[in-house]
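Chemist: The following block contains the structure, expressed as structure tokens.
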Amino acid sequence: MIAVLVALGLCALFAPPVIHWVGTRGFYLLALAPAGGLYWVIVNWPGAHDPPTVQTITWVETLDMNIVLRFDTLAAVMSVLILGVGALVLCYCAHYFDEARPRVAIFGGEMVAFAAAMFGLVVSDNMLVLYVFWELTTILSFMLVGFYAVRATSRRAATQALLVTTAGGLAMLVGIIMLGERTGSYLLSDLLADPPGSGIYVQVAVILVLVGALSKSAIVPFHFWLPGAMAAPTPVSAYLHAAAMVKAGVYLVARLSPAFGALIGWQVAVLTLGLITMILGGWRSLRELDLKLILAFGTVSQLGFLMVLVGFGDANVMMAGLAMIIAHAMFKAALFMVVGIIDHSTGTRDVRKLARLGQRLPVLMGIAGVAGASMAGLPFTMGFVGKETAFGSVWVSGALDDWQRHTVDIVMLVGSVITFAYTTRFMWGAFGRKLRTEPSAAVLKMHLPGVLFYLAPAILAVGGVVAGFASGPIGSLLEPHARTLPDYGHHLEHLAMWHGFGLPVVFSIIVVAGGAALFLMVRKLRDRLFGFRPLLNADRMYDATLRGADTLSLLLTRNTQRGSLPITQAVILSTVIILPLAVLFTGARTTLELNGFDTAPQLVVGGVMVAAAIAATVMRNRLAATLTVGVTGYGCGTLFALYGAPDLALTQFLVETLTLVIFVLVLRKLPAEPEPRHATGFKPVRAAIGVAFGLSLVVIGLFAAAARSEQPLHIDIPEAAYTFGHGANAVNVLLVDIRAWDTLGEISVLIVAATGVASLVFRNRRFGAAPRVADAARDGHGRSGPVGIADDDVPSDRTTWLLGSDLRDPRHRSMVLEATTRLIFPTIVVLSIYFFWAGHNSPGGGFAGGLTMGLGLVLRYLAGGRYELGEALPLEPGRILGAGLAISATTATVSLLLGAPALSSAVFEVTLPLLGDVKLVTALFFDLGIYLIVVGLVLDVLRSLGARLDVENEAQPGSPAPLRPDSGTDAEASGDSGPRRSDALAAGEVPR
């Protein structure tokens, strides 16, 4: 099974170049992959008394995500359809597409990938892995249905199918989790071996799973997406919407029926909706004029029929269901291919434009007639065997009460009458004479299809007849799965073409006679029957639902986001206050035991923080208010330190310092104080919201701490950090190992934030490194620039502490700051590297190290200006951010490839000269990614909020005229004529 999946995956990967190289005949080469898989299935067909083949790949064991593949009878039946029909459809594609356009090459890869996903779905024993393959089929279906992306109808159909099936899949995921948690295992085999009972919890879980199955198989009320999906190329309709994807829901119901077939909720959902779908889909097919839509609504009808049979919960009815699954795949795929040939040859699928096509294409009419006979349930076909078995087994089954099973059988009889009618209408619409003496214009102008174009539908049509005569041997292969269901006292009947004269034969006679009469009635009274717009239309209801969602979202947005920041904040904070507190006080709560301050320093620090918070609300000066708010942050870091959390304290101090710098950079663009007209004064509502928000955090925190009923986790964290994460610093091990998924998400958010800030500031050009001194002349800061280098002589032995500072306005320079920065920056860099390297066992880590390096860059920028920032780190921030994310993500994926859980740590011990024994933990590489991301974030912020705003300030009219950097120096006073600094710049030499 694993080999088949790998082979199909590799074939999908190499399909586009193969099609580009060979052309459309390359589809024959692609067909070899599913054909090889089909050979494996036939050779390894599970025996009646042999245990299923099970293969396991250890993956994420803690999440029960081991890839467990199980090959039993039901999986084998579905695999034959997926791989066999898939190979024939690929051969059909070789003649359906006229030329190998780029999209056609990708189409080939998508078709093979879909076969791989469907095969993985039917052999998955782990329900979570099954769901992964389930959603892969959804995504690939979206891409295949939207093949003609330039057409609005294709885009709409693809989106509609995606929304409906994805919503159903999400509901199914919830049901899978509920069942898995209840049974303690996510394996289907364990679930079926020991069903969890029939309580309300199980009923809800099963219904949620059924929502996914019903939406995938286009059962009412989710049926409307399938006819819309006919906008896809015909090979997609023949494969996905006849033989493969729509069978996924039928397969899941057949798989779960032995465990849940007796549940009331199951019977109501599966049987009732299946019967409604059978009638509704068949009736809708009678009003359509497009051959493909006739088959599409017929497929909806047949899927309802199949859903009833496989979900009935009876062994004999299951046999009928499996027989019909095989028959339906063959006749419906063949008929879709026939329609594709008609469309390809005549350019139309409209039954009104096709007359006497049977005279021009008698072979095609014969293929369609044989496949249609199976669809109508005529003798000597597999469709006849399945229909007869269904009529007889349902009537006598003990799974339901007498009136219930008789009602089901009669409704199936009505549905079969409609099926015969729309089959006859399809044949008449495609090949009939329609009272014309000459062929229609489309038929006269058609081009004859090649002989090989008939090959795939002919094989499938003839296969339906061969399977009918071989129904006995085929039935013996299907019986192992049917025996997993109860037979209610009726021994399991073998499939056969003829069981003698009885109720099924009477029903078949009624089907033929009633279907022919219904066809004639519809043909004569079509305008009266379908000349009006249906009152209920699922497609219009879908559109109305989307419009309602849009209207509701606009209404909500209009009333909560009016462009006013205070209103937006009030809505958000009020929601955060009301909802948690309402849940807290309406549910069970524990008794609070409040403790005061433990030590006097805590009281002092807390008092300072409270005073600073109150002061920040009354200050008018923006910078003073920002610094006052910073006091609360530093106070929080002090409390961390007092409570013995040096790592948190270090990070808090670094973050608070960096945050203050960013605030100051932004405040440069704002007046020192708000204008009088912008003064808000005292706002009681805002004050109440602020106080309530603070109190709610305190209350929720106190109740959360008091609700602890087990031993606190922090007691075991140090030992777990050292044992599993191989580090003594529990905080760092939590970040890079135990909860590394959270960290990976957080650093991704940091990158998004940095990109967003820079994009807003730069607007036009996002990328690029900070400018360097060598770029000064290009930026207009040379001899003739606005900050032109003085023509006065500069002493040759003058010390330049920072290169970029010589290009700044002298009024903004501080020689003490420049000299200090020159001296301590290397120390900051070394400290940053130390924090990074030692953080796994001591306070520090990649985050703290990156913040320290970022503060070093901040110091260089403040002392030397934007050109000094480029000299400090002449790299593009985006590259640093991307490299950091790539390193962290690679660390996660490499462990998966090695068979370990994602982001798990491994230890390597090496002996190096001089250094001796060195222990290297792979989490260090993940931490390196964090380090680079923090450094890139700080550099990006400084480049955007710092350097970019500097440029805009200099370009603003009325800004102070830049002064010469060397004005007022001793060289100017003495008149010494040494070499000019502008000459040095021009020569590319910068004195150091």
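Residues are referred to by chain and number: the chain letter is A, B, ... according to the order shown in the structure tokens, the number counts from 1 in that chain, and ligands are numbered separately from 1 in the order shown.
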Applying 7 Å and only C-alpha atoms, which residues near segment 391-395 of chain A remain after dropping the ones on its own chain fewer than 4 positions away? List them as a list of chain:residue names.

Modeler: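 Close residues of segment 391-395 of chain A: A:Asn316, A:Val317, A:Lys387, A:Arg405, A:His406, A:Asp409, A:Leu503, A:Pro504.
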
Chemist: Excluding Gly311 of chain A and residues on its chain fewer than 2 positions from it, collect all residues at most 6 Å away from it, counting only C-alpha atoms, and give them as a PDB file with C-alpha atoms, in the first residue's frame.

Modeler:
```pdb
ATOM      1  CA  VAL A 253     -21.138   5.009   5.396  1.00  0.00           C
ATOM      2  CA  SER A 257     -22.609   0.814   8.999  1.00  0.00           C
ATOM      3  CA  MET A 307     -26.458   5.549   0.375  1.00  0.00           C
ATOM      4  CA  VAL A 308     -29.688   3.740   1.318  1.00  0.00           C
ATOM      5  CA  LEU A 309     -28.254   0.336   0.433  1.00  0.00           C
ATOM      6  CA  GLY A 313     -27.547  -2.172   8.225  1.00  0.00           C
TER       7      GLY A 313
END
```

Chemist: Considering only C-alpha atoms, state which residue in the set A:Gly432, A:Leu357, A:Met318, A:Tyr96 is at the smallest distance from Ala390 of chain A.

Modeler: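 Closest candidate: A:Met318.
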
Chemist: Please provide as a list in words all residues within 9 Å of Gly369 of chain A, with the sequence filter that same-chain residues fewer than 5 positions apart are discarded (counting only C-alpha atoms).

Modeler: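 Once the adjacent positions are removed, what remains is Leu364, Ser374, Met427 and Ala461 of chain A.
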
Chemist: Which parts of segment 223-355 of chain A does DSSP call helix (DSSP H, G or I) when run on the backbone here, written out as an NGL selection string?

Modeler: :A and (225-231 or 234-239 or 247-260 or 264-285 or 291-310 or 315-346 or 351-353)

Chemist: Can you tell me which residues surround Gly701 of chain A at a distance of at most 12 Å, considering only C-alpha atoms, apart from same-chain residues fewer than 4 positions away, and format the answer as an MDAnalysis selection string?

Modeler: chainID A and resid 580:581 584 592 594 694:697 705:708

Chemist: May I have the selected residues written with N, CA and C atoms, as a short mmCIF file (atom, residue, chain, number, x, y, z; two decimals), in the first residue's frame?

Modeler:
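New file result.cif:
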```
data_model
loop_
_atom_site.label_atom_id
_atom_site.label_comp_id
_atom_site.auth_asym_id
_atom_site.auth_seq_id
_atom_site.Cartn_x
_atom_site.Cartn_y
_atom_site.Cartn_z
N PRO A 580 -16.16 36.21 29.18
CA PRO A 580 -15.52 35.32 30.18
C PRO A 580 -16.14 35.44 31.57
N LEU A 581 -16.46 36.66 31.97
CA LEU A 581 -17.04 36.82 33.31
C LEU A 581 -18.43 36.20 33.38
N LEU A 584 -17.91 32.61 33.70
CA LEU A 584 -17.35 32.30 35.02
C LEU A 584 -18.41 32.30 36.11
N LEU A 592 -12.25 31.38 46.60
CA LEU A 592 -10.98 32.11 46.51
C LEU A 592 -10.34 32.23 47.89
N LEU A 594 -7.45 34.62 49.06
CA LEU A 594 -6.56 35.70 48.64
C LEU A 594 -5.37 35.81 49.59
N GLY A 694 -9.14 45.68 33.63
CA GLY A 694 -8.09 45.30 34.58
C GLY A 694 -8.62 44.38 35.66
N LEU A 695 -9.78 44.71 36.21
CA LEU A 695 -10.35 43.86 37.26
C LEU A 695 -10.72 42.47 36.74
N SER A 696 -11.22 42.40 35.49
CA SER A 696 -11.58 41.09 34.94
C SER A 696 -10.36 40.21 34.80
N LEU A 697 -9.24 40.78 34.39
CA LEU A 697 -8.01 39.97 34.30
C LEU A 697 -7.61 39.45 35.67
N ALA A 705 -6.23 30.24 39.18
CA ALA A 705 -5.25 29.68 40.11
C ALA A 705 -5.93 28.84 41.19
N ALA A 706 -7.11 29.31 41.65
CA ALA A 706 -7.80 28.58 42.71
C ALA A 706 -8.45 27.30 42.20
N ALA A 707 -8.66 27.20 40.89
CA ALA A 707 -9.35 26.03 40.35
C ALA A 707 -8.41 24.84 40.18
N ARG A 708 -7.14 25.02 40.43
CA ARG A 708 -6.20 23.92 40.25
C ARG A 708 -6.52 22.80 41.22
#
```

Chemist: What's the 8 Å shell around Met172 of chain A, counting only C-alpha atoms, without same-chain residues fewer than 3 positions away, as a PDB file with N, CA and C atoms, in the first residue's frame?

Modeler:
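So the final result, stored in out-v4.pdb, reads:
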```pdb
ATOM      1  N   GLY A 168     -18.652  20.406   5.317  1.00  0.00           N
ATOM      2  CA  GLY A 168     -18.994  19.069   5.769  1.00  0.00           C
ATOM      3  C   GLY A 168     -17.796  18.346   6.364  1.00  0.00           C
ATOM      4  N   GLY A 169     -16.624  18.537   5.769  1.00  0.00           N
ATOM      5  CA  GLY A 169     -15.425  17.904   6.293  1.00  0.00           C
ATOM      6  C   GLY A 169     -15.052  18.395   7.679  1.00  0.00           C
ATOM      7  N   GLY A 175     -16.733  15.234  14.655  1.00  0.00           N
ATOM      8  CA  GLY A 175     -17.287  13.928  14.996  1.00  0.00           C
ATOM      9  C   GLY A 175     -16.208  12.877  15.186  1.00  0.00           C
ATOM     10  N   ILE A 176     -15.179  12.905  14.342  1.00  0.00           N
ATOM     11  CA  ILE A 176     -14.077  11.946  14.478  1.00  0.00           C
ATOM     12  C   ILE A 176     -13.377  12.128  15.817  1.00  0.00           C
ATOM     13  N   LEU A 208     -22.439  14.158  13.052  1.00  0.00           N
ATOM     14  CA  LEU A 208     -21.408  15.053  12.524  1.00  0.00           C
ATOM     15  C   LEU A 208     -20.567  14.359  11.458  1.00  0.00           C
ATOM     16  N   VAL A 209     -20.222  13.100  11.708  1.00  0.00           N
ATOM     17  CA  VAL A 209     -19.477  12.349  10.693  1.00  0.00           C
ATOM     18  C   VAL A 209     -20.320  12.186   9.434  1.00  0.00           C
ATOM     19  N   LEU A 210     -21.609  11.930   9.617  1.00  0.00           N
ATOM     20  CA  LEU A 210     -22.497  11.761   8.464  1.00  0.00           C
ATOM     21  C   LEU A 210     -22.635  13.056   7.665  1.00  0.00           C
ATOM     22  N   VAL A 211     -22.562  14.199   8.320  1.00  0.00           N
ATOM     23  CA  VAL A 211     -22.628  15.468   7.588  1.00  0.00           C
ATOM     24  C   VAL A 211     -21.503  15.526   6.556  1.00  0.00           C
ATOM     25  N   GLY A 212     -20.307  15.115   6.963  1.00  0.00           N
ATOM     26  CA  GLY A 212     -19.203  15.076   6.017  1.00  0.00           C
ATOM     27  C   GLY A 212     -19.437  14.090   4.900  1.00  0.00           C
ATOM     28  N   ALA A 213     -19.936  12.899   5.238  1.00  0.00           N
ATOM     29  CA  ALA A 213     -20.180  11.881   4.215  1.00  0.00           C
ATOM     30  C   ALA A 213     -21.281  12.304   3.252  1.00  0.00           C
TER      31      ALA A 213
END
```

Chemist: Compile the contact shell of segment 262-273 of chain A as a list of chain:residue names: residues with an atom at most 8 Å away, counting only C-alpha atoms, same-chain residues fewer than 3 positions apart removed.

Modeler: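 Listed by chain and then number, they are A:Ser198, A:Gln203, A:Val206, A:Ile207, A:Leu210, A:Ile219, A:Val220, A:Ala259, A:Ile276, A:Thr277, A:Gly304, A:Met307, A:Val308, A:Gly311, A:Phe312, A:Gly313, A:Ala399, A:Val408.
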
Chemist: What lies within 8 Å of segment 846-852 of chain A using only C-alpha atoms, ignoring chain neighbours under 2 positions off, as a PyMOL selection string?

Modeler: chain A and resi 650-651+654-655+658+828-829+831-837+839+844+854-856+927-935+938

Chemist: Find the nearest atom pair between each residue of segment 344-454 of chain A and segment 291-303 of chain A for residues within 7 Å, count only C-alpha atoms, give distances in Å to one decimal, sort rows by chain and ascending number, and present the table as JSON lines.

Modeler:
```
{"residue": "A:Arg349", "atom": "CA", "partner": "A:Leu291", "partner_atom": "CA", "distance": 5.4}
{"residue": "A:Asp350", "atom": "CA", "partner": "A:Leu291", "partner_atom": "CA", "distance": 6.4}
{"residue": "A:Val351", "atom": "CA", "partner": "A:Leu291", "partner_atom": "CA", "distance": 6.6}
{"residue": "A:Phe426", "atom": "CA", "partner": "A:Leu291", "partner_atom": "CA", "distance": 6.6}
```

Chemist: Measuring between only C-alpha atoms, which one of A:Val699, A:Ala87, A:Leu144, A:Ala229 shows the shortest distance to Arg103 of chain A?

Modeler: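 Counting only C-alpha atoms, the residue closest to Arg103 of chain A is A:Leu144.
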
Chemist: Can you tell me how far atom CA of Leu460 of chain A sits from atom CA of Phe380 of chain A, in Å to one decimal?

Modeler: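 So the answer is 14.7 Å.
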